[in-house]
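Text of coords.txt, listed as compact mmCIF, C-alpha atoms and all ligand atoms:
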# COMPACT_ATOMS: atom_id res chain seq x y z
CA MET R 205 72.88 33.30 195.18
CA HIS R 206 72.37 30.46 192.74
CA GLY R 207 74.88 27.88 193.90
CA ALA R 208 76.90 28.01 190.67
CA LEU R 209 79.05 30.49 188.80
CA PRO R 210 77.16 32.43 186.10
CA SER R 211 77.39 32.12 182.33
CA LYS R 212 78.36 35.34 180.55
CA ALA R 213 74.70 36.13 179.79
CA GLU R 214 73.66 35.48 183.39
CA TYR R 215 76.51 37.61 184.66
CA ASP R 216 75.62 40.51 182.36
CA ALA R 217 71.96 40.30 183.35
CA TRP R 218 72.92 40.32 187.05
CA VAL R 219 75.24 43.32 186.68
CA HIS R 220 72.53 45.14 184.72
CA GLU R 221 69.90 44.47 187.37
CA ILE R 222 72.10 45.46 190.28
CA THR R 223 73.20 48.62 188.45
CA TYR R 224 69.69 49.76 187.58
CA HIS R 225 68.17 49.30 191.02
CA THR R 226 70.59 51.59 192.85
CA PHE R 227 68.10 54.46 193.17
CA VAL R 228 65.79 54.65 196.18
CA HIS R 229 62.36 56.23 196.52
CA GLU R 230 62.72 59.98 197.01
CA ASN R 231 60.93 59.72 200.37
CA VAL R 232 63.82 57.61 201.67
CA LYS R 233 66.02 60.63 201.11
CA GLY R 234 63.48 62.72 203.00
CA PHE R 235 63.51 60.64 206.14
CA MET R 236 67.27 60.13 206.05
CA GLU R 237 67.64 63.91 206.14
CA GLY R 238 65.64 63.86 209.37
CA PHE R 239 68.36 62.13 211.39
CA ARG R 240 70.42 64.21 213.80
CA TYR R 241 73.58 65.76 212.37
CA ASP R 242 75.71 63.36 214.45
CA ALA R 243 73.66 60.19 213.87
CA HIS R 244 75.81 57.06 213.70
CA PRO R 245 75.66 55.87 210.07
CA MET R 246 75.04 52.28 211.20
CA GLY R 247 71.92 53.37 213.04
CA MET R 248 70.81 55.18 209.89
CA LEU R 249 71.58 52.16 207.74
CA MET R 250 69.72 49.78 210.04
CA ALA R 251 66.67 52.06 210.08
CA SER R 252 66.65 52.73 206.35
CA VAL R 253 67.10 49.06 205.38
CA GLY R 254 64.20 48.15 207.66
CA ALA R 255 62.16 51.02 206.22
CA LEU R 256 62.54 49.63 202.69
CA SER R 257 60.00 46.98 203.70
CA THR R 258 57.39 49.74 203.75
CA PHE R 259 58.29 50.81 200.21
CA TYR R 260 58.00 47.23 198.92
CA PRO R 261 55.07 45.70 200.78
CA ASP R 262 55.07 42.82 198.26
CA ALA R 263 58.43 41.76 199.76
CA GLY R 264 56.51 39.77 202.37
CA ASN R 265 55.53 37.30 199.66
CA ILE R 266 58.61 35.23 200.30
CA SER R 267 57.29 31.97 198.81
CA ASP R 268 57.44 33.41 195.28
CA ALA R 269 60.86 32.88 193.67
CA ASP R 270 60.65 35.88 191.29
CA ASN R 271 59.60 38.10 194.12
CA ARG R 272 62.50 36.94 196.28
CA HIS R 273 64.89 37.60 193.41
CA MET R 274 63.52 41.13 193.00
CA GLN R 275 64.05 42.00 196.67
CA ILE R 276 67.54 40.50 196.65
CA VAL R 277 68.51 42.61 193.65
CA ARG R 278 66.99 45.71 195.20
CA MET R 279 68.75 45.28 198.48
CA ILE R 280 72.23 44.57 197.07
CA ALA R 281 71.80 47.51 194.67
CA LYS R 282 70.51 50.00 197.23
CA MET R 283 72.86 49.25 200.13
CA PRO R 284 75.69 51.46 198.77
CA THR R 285 73.19 54.28 198.23
CA LEU R 286 71.90 54.04 201.80
CA GLY R 287 75.42 53.61 203.17
CA ALA R 288 76.77 56.60 201.26
CA TRP R 289 73.88 58.82 202.32
CA SER R 290 74.35 57.84 205.95
CA PHE R 291 77.92 59.06 205.55
CA ARG R 292 77.00 62.33 203.82
CA ASN R 293 74.44 63.17 206.52
CA ALA R 294 77.15 63.42 209.19
CA GLN R 295 79.24 65.56 206.85
CA GLY R 296 76.40 67.97 206.15
CA LYS R 297 76.92 67.37 202.43
CA PRO R 298 74.20 66.88 199.82
CA PHE R 299 73.22 63.32 199.00
CA ILE R 300 74.62 62.22 195.65
CA TYR R 301 72.46 60.11 193.34
CA PRO R 302 73.86 56.88 191.89
CA ASP R 303 75.81 57.03 188.63
CA ASN R 304 74.82 53.96 186.66
CA ASP R 305 77.75 54.33 184.24
CA LEU R 306 80.04 53.24 187.05
CA SER R 307 80.82 49.85 188.55
CA TYR R 308 79.27 48.88 191.91
CA THR R 309 82.28 50.03 193.93
CA ALA R 310 83.20 53.06 191.78
CA ASN R 311 79.59 54.27 192.05
CA PHE R 312 79.71 53.85 195.82
CA LEU R 313 82.87 55.96 196.01
CA SER R 314 81.20 58.56 193.79
CA MET R 315 78.16 58.78 196.11
CA LEU R 316 80.52 59.14 199.07
CA PHE R 317 82.99 61.69 197.80
CA LYS R 318 81.60 63.54 194.76
CA MET R 319 81.32 67.30 195.12
CA SER R 320 80.87 69.73 192.22
CA GLU R 321 82.71 67.80 189.52
CA GLN R 322 80.69 66.43 186.58
CA LYS R 323 81.89 62.90 187.14
CA TYR R 324 83.71 61.43 190.09
CA GLU R 325 86.66 59.32 189.03
CA ALA R 326 88.08 57.17 191.81
CA ASP R 327 91.62 55.80 191.58
CA GLU R 328 91.32 52.32 190.07
CA ARG R 329 93.61 50.87 192.74
CA LEU R 330 91.25 52.09 195.45
CA VAL R 331 88.22 50.71 193.60
CA LYS R 332 90.00 47.35 193.34
CA ALA R 333 90.99 47.33 197.04
CA LEU R 334 87.43 48.10 198.15
CA ASP R 335 86.16 45.38 195.84
CA VAL R 336 88.55 42.93 197.49
CA LEU R 337 87.29 43.99 200.91
CA PHE R 338 83.66 43.58 199.87
CA ILE R 339 84.35 40.11 198.47
CA LEU R 340 86.26 39.05 201.60
CA HIS R 341 83.33 40.12 203.75
CA ALA R 342 80.58 38.62 201.58
CA ASP R 343 79.81 35.55 203.63
CA HIS R 344 81.19 33.85 206.67
CA GLU R 345 78.87 31.07 207.79
CA GLN R 346 76.93 31.34 211.06
CA ASN R 347 78.44 34.48 212.53
CA CYS R 348 76.39 36.66 214.87
CA SER R 349 74.76 38.86 212.20
CA THR R 350 74.01 36.03 209.78
CA ASN R 351 72.50 34.11 212.64
CA ALA R 352 70.39 37.19 213.43
CA VAL R 353 69.21 37.39 209.80
CA ARG R 354 68.35 33.70 209.82
CA SER R 355 66.66 33.85 213.18
CA VAL R 356 64.47 36.83 212.26
CA GLY R 357 63.95 35.49 208.72
CA SER R 358 62.70 32.21 210.15
CA SER R 359 59.56 34.08 211.24
CA GLN R 360 58.90 34.49 207.49
CA VAL R 361 59.12 38.25 207.70
CA ASP R 362 60.23 40.18 204.57
CA PRO R 363 63.99 40.19 203.82
CA TYR R 364 64.44 43.93 204.53
CA SER R 365 63.36 43.41 208.13
CA ALA R 366 65.55 40.33 208.45
CA VAL R 367 68.61 42.09 207.03
CA SER R 368 68.08 45.14 209.23
CA ALA R 369 68.38 42.75 212.20
CA GLY R 370 71.70 41.61 210.72
CA VAL R 371 72.85 45.23 210.45
CA GLY R 372 71.96 45.66 214.13
CA ALA R 373 74.01 42.62 215.10
CA LEU R 374 76.96 43.81 213.04
CA TYR R 375 76.85 47.20 214.80
CA GLY R 376 78.18 45.66 218.04
CA PRO R 377 81.88 46.09 218.98
CA LEU R 378 82.53 42.35 219.27
CA HIS R 379 81.39 41.80 215.69
CA GLY R 380 81.55 44.33 212.84
CA GLY R 381 82.41 47.16 215.20
CA ALA R 382 85.76 45.53 215.97
CA ASN R 383 87.73 47.39 213.31
CA GLU R 384 86.51 50.70 214.70
CA ALA R 385 87.58 49.45 218.12
CA VAL R 386 91.01 48.47 216.71
CA LEU R 387 91.71 52.01 215.57
CA LYS R 388 90.59 53.47 218.89
CA MET R 389 92.87 51.00 220.60
CA LEU R 390 95.85 51.82 218.34
CA ARG R 391 95.31 55.54 218.93
CA ARG R 392 95.11 54.99 222.66
CA ILE R 393 98.38 53.03 222.62
CA GLY R 394 99.84 55.99 220.73
CA SER R 395 103.41 54.76 220.23
CA LYS R 396 105.41 51.55 220.05
CA GLU R 397 106.93 52.18 223.50
CA ASN R 398 103.51 51.81 225.11
CA ILE R 399 102.81 48.37 223.61
CA PRO R 400 104.32 46.24 226.44
CA ALA R 401 102.21 48.03 229.07
CA PHE R 402 99.11 47.55 226.91
CA ILE R 403 99.85 43.82 226.44
CA GLN R 404 100.25 43.51 230.19
CA GLY R 405 96.84 45.13 230.61
CA VAL R 406 95.37 42.50 228.27
CA LYS R 407 96.98 39.68 230.22
CA ASP R 408 95.71 41.13 233.49
CA GLY R 409 92.22 41.05 232.05
CA ASN R 410 91.86 44.86 232.01
CA GLU R 411 92.05 45.18 228.24
CA ARG R 412 91.08 43.21 225.15
CA LEU R 413 93.32 43.11 222.11
CA MET R 414 90.74 44.12 219.54
CA GLY R 415 91.13 42.56 216.08
CA PHE R 416 92.57 39.39 217.62
CA GLY R 417 90.83 36.09 218.17
CA HIS R 418 88.01 34.33 216.39
CA ARG R 419 85.43 31.76 217.36
CA VAL R 420 86.34 29.54 214.38
CA TYR R 421 89.85 30.50 213.21
CA LYS R 422 92.22 29.13 215.76
CA ASN R 423 95.35 29.12 213.57
CA PHE R 424 94.98 32.24 211.47
CA ASP R 425 92.27 34.13 209.65
CA PRO R 426 93.02 33.75 205.91
CA ARG R 427 91.23 37.01 205.21
CA ALA R 428 93.71 38.90 207.38
CA THR R 429 96.58 37.85 205.09
CA ILE R 430 94.82 39.19 201.99
CA ILE R 431 93.87 42.40 203.77
CA LYS R 432 97.42 42.99 204.89
CA LYS R 433 98.42 42.87 201.21
CA ALA R 434 95.54 45.22 200.25
CA CYS R 435 96.87 47.62 202.91
CA ASP R 436 100.11 47.98 200.99
CA ASP R 437 98.24 48.61 197.70
CA VAL R 438 96.07 51.30 199.23
CA PHE R 439 98.93 53.01 201.06
CA GLU R 440 100.73 53.24 197.71
CA VAL R 441 97.98 55.66 196.65
CA THR R 442 97.19 57.40 199.93
CA GLY R 443 100.48 57.36 201.81
CA VAL R 444 101.14 55.22 204.88
CA ASN R 445 98.91 55.45 207.93
CA PRO R 446 101.22 56.07 210.94
CA LEU R 447 99.14 53.65 213.01
CA LEU R 448 100.31 50.83 210.72
CA GLU R 449 103.67 50.82 212.46
CA ILE R 450 102.03 50.35 215.86
CA ALA R 451 99.70 47.65 214.46
CA LYS R 452 102.58 45.64 212.95
CA GLU R 453 104.62 45.87 216.12
CA LEU R 454 101.62 44.92 218.26
CA GLU R 455 100.96 41.91 216.04
CA LYS R 456 104.61 40.86 216.22
CA ILE R 457 104.76 41.10 220.02
CA ALA R 458 101.39 39.39 220.52
CA LEU R 459 102.25 36.50 218.20
CA GLU R 460 105.35 35.74 220.25
CA ASP R 461 103.59 35.98 223.61
CA GLU R 462 102.57 32.87 225.51
CA TYR R 463 99.19 34.34 226.49
CA PHE R 464 98.12 34.67 222.84
CA ILE R 465 99.85 31.52 221.62
CA SER R 466 98.22 29.28 224.23
CA ARG R 467 94.77 30.74 223.53
CA LYS R 468 95.29 30.51 219.77
CA LEU R 469 94.65 34.21 219.26
CA TYR R 470 95.65 35.57 215.84
CA PRO R 471 94.81 38.74 213.90
CA ASN R 472 91.35 38.52 212.39
CA VAL R 473 89.86 40.32 209.38
CA ASP R 474 89.33 43.46 211.42
CA PHE R 475 92.88 44.01 212.60
CA TYR R 476 94.01 45.69 209.37
CA SER R 477 90.76 46.58 207.61
CA GLY R 478 90.26 49.69 209.77
CA LEU R 479 93.64 51.03 208.70
CA ILE R 480 92.64 50.70 205.05
CA TYR R 481 89.30 52.34 205.63
CA GLU R 482 90.98 55.19 207.42
CA ALA R 483 93.32 55.64 204.46
CA PHE R 484 90.20 56.15 202.34
CA GLN R 485 89.39 58.93 204.86
CA PHE R 486 86.35 57.14 206.20
CA PRO R 487 85.57 58.08 209.79
CA PRO R 488 85.54 54.99 212.08
CA GLU R 489 81.74 55.00 212.33
CA MET R 490 81.65 54.16 208.61
CA PHE R 491 83.72 50.99 208.87
CA THR R 492 80.83 48.82 209.92
CA VAL R 493 78.69 50.28 207.15
CA LEU R 494 81.30 49.09 204.64
CA PHE R 495 81.24 45.67 206.25
CA ALA R 496 77.43 45.62 206.03
CA ILE R 497 77.46 46.46 202.31
CA GLY R 498 79.95 43.66 201.64
CA ARG R 499 78.03 41.20 203.81
CA THR R 500 74.61 41.87 202.30
CA PRO R 501 74.89 39.31 199.47
CA GLY R 502 75.91 36.70 202.05
CA TRP R 503 73.01 37.53 204.36
CA LEU R 504 70.62 37.31 201.43
CA ALA R 505 72.04 34.05 200.12
CA GLN R 506 71.64 32.60 203.60
CA TRP R 507 68.12 34.01 203.87
CA SER R 508 67.20 32.60 200.46
CA GLU R 509 68.49 29.17 201.45
CA LEU R 510 66.61 29.36 204.74
CA VAL R 511 63.22 30.23 203.29
CA GLN R 512 63.49 27.42 200.74
CA ASP R 513 64.50 24.84 203.31
CA LYS R 514 61.51 22.57 203.86
CA GLU R 515 62.76 21.51 207.28
CA GLN R 516 63.18 25.05 208.52
CA LYS R 517 61.07 26.05 211.48
CA ILE R 518 60.82 29.28 213.38
CA ALA R 519 63.97 29.82 215.44
CA ARG R 520 63.61 29.15 219.14
CA PRO R 521 66.74 28.21 221.08
CA LYS R 522 66.11 25.93 223.99
CA GLN R 523 66.17 27.64 227.36
CA ILE R 524 67.30 25.87 230.48
CA TYR R 525 66.03 27.47 233.66
CA THR R 526 68.76 27.69 236.28
CA GLY R 527 67.09 29.98 238.82
CA GLU R 528 65.46 29.18 242.13
CA ARG R 529 62.90 26.37 241.98
CA ARG R 530 60.65 27.62 244.73
CA LEU R 531 59.83 31.30 244.87
CA ASN R 532 56.96 32.81 246.78
CA PHE R 533 54.95 35.52 245.18
CA VAL R 534 54.92 38.66 247.31
CA PRO R 535 52.54 41.36 246.04
CA ALA R 536 54.07 44.72 245.19
CA SER R 537 51.98 46.42 247.88
CA GLU R 538 53.80 44.29 250.52
CA ARG R 539 57.27 44.45 248.94
CA TRP R 540 57.21 48.23 248.66
CA ALA R 541 55.50 48.89 251.99
N1 LIG E 1 92.17 39.78 223.63
C1 LIG E 1 92.52 39.18 224.78
N2 LIG E 1 92.08 37.98 225.17
C2 LIG E 1 91.23 37.35 224.35
C3 LIG E 1 90.82 37.90 223.14
C4 LIG E 1 91.33 39.16 222.78
N3 LIG E 1 90.99 39.75 221.62
N4 LIG E 1 89.98 37.05 222.52
C5 LIG E 1 89.86 35.99 223.32
N5 LIG E 1 90.62 36.17 224.42
C6 LIG E 1 90.82 35.22 225.52
C7 LIG E 1 89.60 35.10 226.39
O1 LIG E 1 89.65 36.04 227.46
C8 LIG E 1 89.70 33.68 226.85
O2 LIG E 1 90.69 33.61 227.82
P1 LIG E 1 90.50 32.64 229.12
O3 LIG E 1 90.47 31.26 228.55
O4 LIG E 1 91.67 32.94 229.97
O5 LIG E 1 89.18 33.05 229.74
C9 LIG E 1 90.26 32.94 225.64
O6 LIG E 1 91.01 33.93 224.93
C10 LIG E 1 89.21 32.35 224.75
O7 LIG E 1 88.38 33.37 224.27
P2 LIG E 1 86.82 33.27 224.09
O8 LIG E 1 86.22 34.52 224.65
O9 LIG E 1 86.34 31.94 224.57
O10 LIG E 1 86.72 33.27 222.51
P3 LIG E 1 85.38 33.44 221.70
O11 LIG E 1 85.47 32.47 220.58
O12 LIG E 1 84.19 33.38 222.59
O13 LIG E 1 85.47 34.95 221.21
C11 LIG E 1 85.87 36.83 219.89
C12 LIG E 1 85.79 35.31 219.92
C13 LIG E 1 84.53 37.47 220.38
C14 LIG E 1 86.11 37.27 218.44
C15 LIG E 1 87.02 37.30 220.81
O14 LIG E 1 88.22 36.72 220.38
C16 LIG E 1 87.14 38.81 220.88
O15 LIG E 1 86.46 39.46 221.67
N6 LIG E 1 88.04 39.41 220.03
C17 LIG E 1 88.17 40.85 219.99
C18 LIG E 1 87.04 41.45 219.18
C19 LIG E 1 87.19 41.18 217.70
O16 LIG E 1 88.28 41.35 217.13
N7 LIG E 1 86.07 40.81 217.05
C20 LIG E 1 86.04 40.58 215.61
C21 LIG E 1 85.81 39.13 215.30
S1 LIG E 1 85.82 38.85 213.58
C22 LIG E 1 84.35 39.48 213.09
O17 LIG E 1 83.37 39.60 213.79
C23 LIG E 1 84.25 39.93 211.69

Starting from the file, give its structure as structure tokens.
Ligand code: ACO
Amino acid sequence: MHGALPSKAEYDAWVHEITYHTFVHENVKGFMEGFRYDAHPMGMLMASVGALSTFYPDAGNISDADNRHMQIVRMIAKMPTLGAWSFRNAQGKPFIYPDNDLSYTANFLSMLFKMSEQKYEADERLVKALDVLFILHADHEQNCSTNAVRSVGSSQVDPYSAVSAGVGALYGPLHGGANEAVLKMLRRIGSKENIPAFIQGVKDGNERLMGFGHRVYKNFDPRATIIKKACDDVFEVTGVNPLLEIAKELEKIALEDEYFISRKLYPNVDFYSGLIYEAFQFPPEMFTVLFAIGRTPGWLAQWSELVQDKEQKIARPKQIYTGERRLNFVPASERWA
């Protein structure tokens, strides 16, 4: 956010601010309860982040540094609350209010999983693993969702509206939805014996190996290595996910195959993250929500940089017309006669 690591006092102030802005207006709860029982949590998150702009109409004053800071704090603090409530809606469980005694991630787990106990105490190893995942997802230059945040933010709209555009971009299966797609793919493959036929399908162009390939990483995705390690830590607590065996075998076979080698296709961050999330007992629809929570600080840092950039103009990619040059206008009355 500030381009430098914080002093102890700055760090404490930041943690305090983020911790004490986790609550949302009670009316947010009201409209979140209005979603259908089977609403996708990403749709709920996108809508509720956008709706925050109506609760903080001053957020449109983006030229004021203190104001920007306030909205940034609010959004980072409230994302876990909105994310957790999107999850609870589908489960038909009551929404749990934030517990400000807990760390960012421990509080999130409490809002997700707390039932009748006085205090929810998550396993420290799980808290740590989720923290690692959030940090790994925090920022990743001009990916599709960050580009969406920047593009919408360049209109000088408030940051809630800009970030909700980012959530929308992340929702797509080629971006944040990839880890959900990986699990579906692994389940469809079903067993190690079916891997060769699946790989053949990929080579024939009938399938896509989800969780492989990246626009920038053409050697390996360094995040994937760290996530693979986090997998082992989480499985120590939760027991091994049987799909892990298929994933490892699939990775091994793909990395030795000419098709993938020549196209420089390697596992990306999403190949293993879904397995971890599943071990936490998150349904696949929640995976992208977790990604969005982790990515929010990055989106906001990018947005903050954008709005302070004196050379920044409203986004408008150049369009090159490639259609017919000469077209005659035929009125509808003639075309439909
Ligand atoms: N499975 C099979 N073939 C693939 C894959 C894949 N996962 N990814 C790329 N290819 C092939 C393409 O078909 C193309 O082959 P061709 O040259 O014979 O036409 C070649 O590899 C180059 O691929 P591009 O599509 O040019 O790569 P691009 O950089 O545009 O796409 C992307 C990157 C979207 C990530 C792609 O690799 C993909 O769809 N991967 C699967 C989805 C995925 O895992 N997304 C998560 C990305 S990370 C993130 O968003 C957090």

TODO: Find the residues near ligand LIG 1 (chain E). Use a cut-off of 10 Å, count only C-alpha atoms and all ligand atoms, and write them as a PyMOL selection string.
DONE: chain R and resi 341+344+347-349+373-374+376-386+403+405-422+425+427+458+463-475+492+495

Open item on the list: Neighbouring residues of Gln346 in chain R were defined as those with any atom within 12 Å, considering only C-alpha atoms; residues of the same chain fewer than 2 positions away were excluded. Please report them as a PyMOL selection string.
Closed with: chain R and resi 343-344+348-355+370+419-420+502-503+506-507

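Separating CA of Asp305 in chain R from CA of His273 in chain R is a distance of 23.0 Å.
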
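Each of R:Leu479, R:Ile300, R:Ile393, R:Ala496 was compared to Phe227 in chain R using all atoms listed in the file, and R:Ile300 turns out to be the nearest.
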
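Within the 6 Å cut-off around range 214-225 of chain R, using only C-alpha atoms and omitting residues fewer than 6 positions from it on the same chain, the listed residues are Val277, Arg278, Ala281 and Asn304 of chain R.
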
Task: Sphere at (74.4, 46.9, 197.2), radius 8 Å, counting only C-alpha atoms: residues as a ChimeraX atom specification - done: /R:222,226,278-285,308,497-498,500-501

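CA of Met248 in chain R sits 9.7 Å away from CA of Val493 in chain R.
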
Using the partial input, fill out range 296-328 of chain R with N, CA and C atoms; write the result as an mmCIF file, in the coordinates of the input.
data_model
loop_
_atom_site.group_PDB
_atom_site.id
_atom_site.type_symbol
_atom_site.label_atom_id
_atom_site.label_comp_id
_atom_site.auth_asym_id
_atom_site.auth_seq_id
_atom_site.Cartn_x
_atom_site.Cartn_y
_atom_site.Cartn_z
ATOM 1 N N GLY R 296 77.179 66.796 206.551
ATOM 2 C CA GLY R 296 76.400 67.970 206.150
ATOM 3 C C GLY R 296 76.505 68.240 204.654
ATOM 4 N N LYS R 297 76.765 67.195 203.878
ATOM 5 C CA LYS R 297 76.920 67.370 202.430
ATOM 6 C C LYS R 297 75.691 66.830 201.714
ATOM 7 N N PRO R 298 75.398 67.366 200.529
ATOM 8 C CA PRO R 298 74.200 66.880 199.820
ATOM 9 C C PRO R 298 74.332 65.416 199.444
ATOM 10 N N PHE R 299 73.204 64.720 199.416
ATOM 11 C CA PHE R 299 73.220 63.320 199.000
ATOM 12 C C PHE R 299 73.448 63.266 197.487
ATOM 13 N N ILE R 300 74.303 62.347 197.069
ATOM 14 C CA ILE R 300 74.620 62.220 195.650
ATOM 15 C C ILE R 300 73.851 61.015 195.078
ATOM 16 N N TYR R 301 73.197 61.213 193.959
ATOM 17 C CA TYR R 301 72.460 60.110 193.340
ATOM 18 C C TYR R 301 73.431 59.128 192.679
ATOM 19 N N PRO R 302 72.982 57.877 192.527
ATOM 20 C CA PRO R 302 73.860 56.880 191.890
ATOM 21 C C PRO R 302 74.212 57.276 190.452
ATOM 22 N N ASP R 303 75.389 56.822 190.018
ATOM 23 C CA ASP R 303 75.810 57.030 188.630
ATOM 24 C C ASP R 303 75.904 55.637 188.011
ATOM 25 N N ASN R 304 74.912 55.330 187.181
ATOM 26 C CA ASN R 304 74.820 53.960 186.660
ATOM 27 C C ASN R 304 75.805 53.647 185.537
ATOM 28 N N ASP R 305 76.667 54.633 185.199
ATOM 29 C CA ASP R 305 77.750 54.330 184.240
ATOM 30 C C ASP R 305 78.898 53.626 184.960
ATOM 31 N N LEU R 306 78.878 53.725 186.285
ATOM 32 C CA LEU R 306 80.040 53.240 187.050
ATOM 33 C C LEU R 306 79.817 51.827 187.585
ATOM 34 N N SER R 307 80.922 51.179 187.932
ATOM 35 C CA SER R 307 80.820 49.850 188.550
ATOM 36 C C SER R 307 80.240 50.008 189.961
ATOM 37 N N TYR R 308 79.882 48.889 190.565
ATOM 38 C CA TYR R 308 79.270 48.880 191.910
ATOM 39 C C TYR R 308 80.118 49.707 192.888
ATOM 40 N N THR R 309 81.416 49.388 192.941
ATOM 41 C CA THR R 309 82.280 50.030 193.930
ATOM 42 C C THR R 309 82.618 51.463 193.538
ATOM 43 N N ALA R 310 82.866 51.690 192.233
ATOM 44 C CA ALA R 310 83.200 53.060 191.780
ATOM 45 C C ALA R 310 81.994 53.977 192.017
ATOM 46 N N ASN R 311 80.796 53.466 191.799
ATOM 47 C CA ASN R 311 79.590 54.270 192.050
ATOM 48 C C ASN R 311 79.461 54.599 193.530
ATOM 49 N N PHE R 312 79.772 53.623 194.372
ATOM 50 C CA PHE R 312 79.710 53.850 195.820
ATOM 51 C C PHE R 312 80.666 54.981 196.200
ATOM 52 N N LEU R 313 81.886 54.914 195.683
ATOM 53 C CA LEU R 313 82.870 55.960 196.010
ATOM 54 C C LEU R 313 82.391 57.317 195.493
ATOM 55 N N SER R 314 81.737 57.316 194.337
ATOM 56 C CA SER R 314 81.200 58.560 193.790
ATOM 57 C C SER R 314 80.137 59.141 194.740
ATOM 58 N N MET R 315 79.220 58.290 195.212
ATOM 59 C CA MET R 315 78.160 58.780 196.110
ATOM 60 C C MET R 315 78.734 59.258 197.449
ATOM 61 N N LEU R 316 79.892 58.725 197.815
ATOM 62 C CA LEU R 316 80.520 59.140 199.070
ATOM 63 C C LEU R 316 81.252 60.469 198.939
ATOM 64 N N PHE R 317 82.003 60.599 197.844
ATOM 65 C CA PHE R 317 82.990 61.690 197.800
ATOM 66 C C PHE R 317 82.759 62.752 196.736
ATOM 67 N N LYS R 318 81.796 62.573 195.853
ATOM 68 C CA LYS R 318 81.600 63.540 194.760
ATOM 69 C C LYS R 318 81.189 64.906 195.327
ATOM 70 N N MET R 319 81.764 65.943 194.743
ATOM 71 C CA MET R 319 81.320 67.300 195.120
ATOM 72 C C MET R 319 80.769 67.984 193.871
ATOM 73 N N SER R 320 81.466 68.978 193.329
ATOM 74 C CA SER R 320 80.870 69.730 192.220
ATOM 75 C C SER R 320 81.298 69.219 190.848
ATOM 76 N N GLU R 321 82.234 68.272 190.824
ATOM 77 C CA GLU R 321 82.710 67.800 189.520
ATOM 78 C C GLU R 321 81.599 67.085 188.746
ATOM 79 N N GLN R 322 81.701 67.083 187.419
ATOM 80 C CA GLN R 322 80.690 66.430 186.580
ATOM 81 C C GLN R 322 80.631 64.943 186.865
ATOM 82 N N LYS R 323 81.814 64.345 186.918
ATOM 83 C CA LYS R 323 81.890 62.900 187.140
ATOM 84 C C LYS R 323 82.989 62.633 188.152
ATOM 85 N N TYR R 324 82.684 61.763 189.093
ATOM 86 C CA TYR R 324 83.710 61.430 190.090
ATOM 87 C C TYR R 324 84.519 60.253 189.571
ATOM 88 N N GLU R 325 85.825 60.419 189.515
ATOM 89 C CA GLU R 325 86.660 59.320 189.030
ATOM 90 C C GLU R 325 87.586 58.861 190.146
ATOM 91 N N ALA R 326 87.263 57.707 190.716
ATOM 92 C CA ALA R 326 88.080 57.170 191.810
ATOM 93 C C ALA R 326 89.324 56.511 191.221
ATOM 94 N N ASP R 327 90.405 56.511 191.991
ATOM 95 C CA ASP R 327 91.620 55.800 191.580
ATOM 96 C C ASP R 327 91.295 54.316 191.455
ATOM 97 N N GLU R 328 91.660 53.726 190.323
ATOM 98 C CA GLU R 328 91.320 52.320 190.070
ATOM 99 C C GLU R 328 91.870 51.375 191.142
#
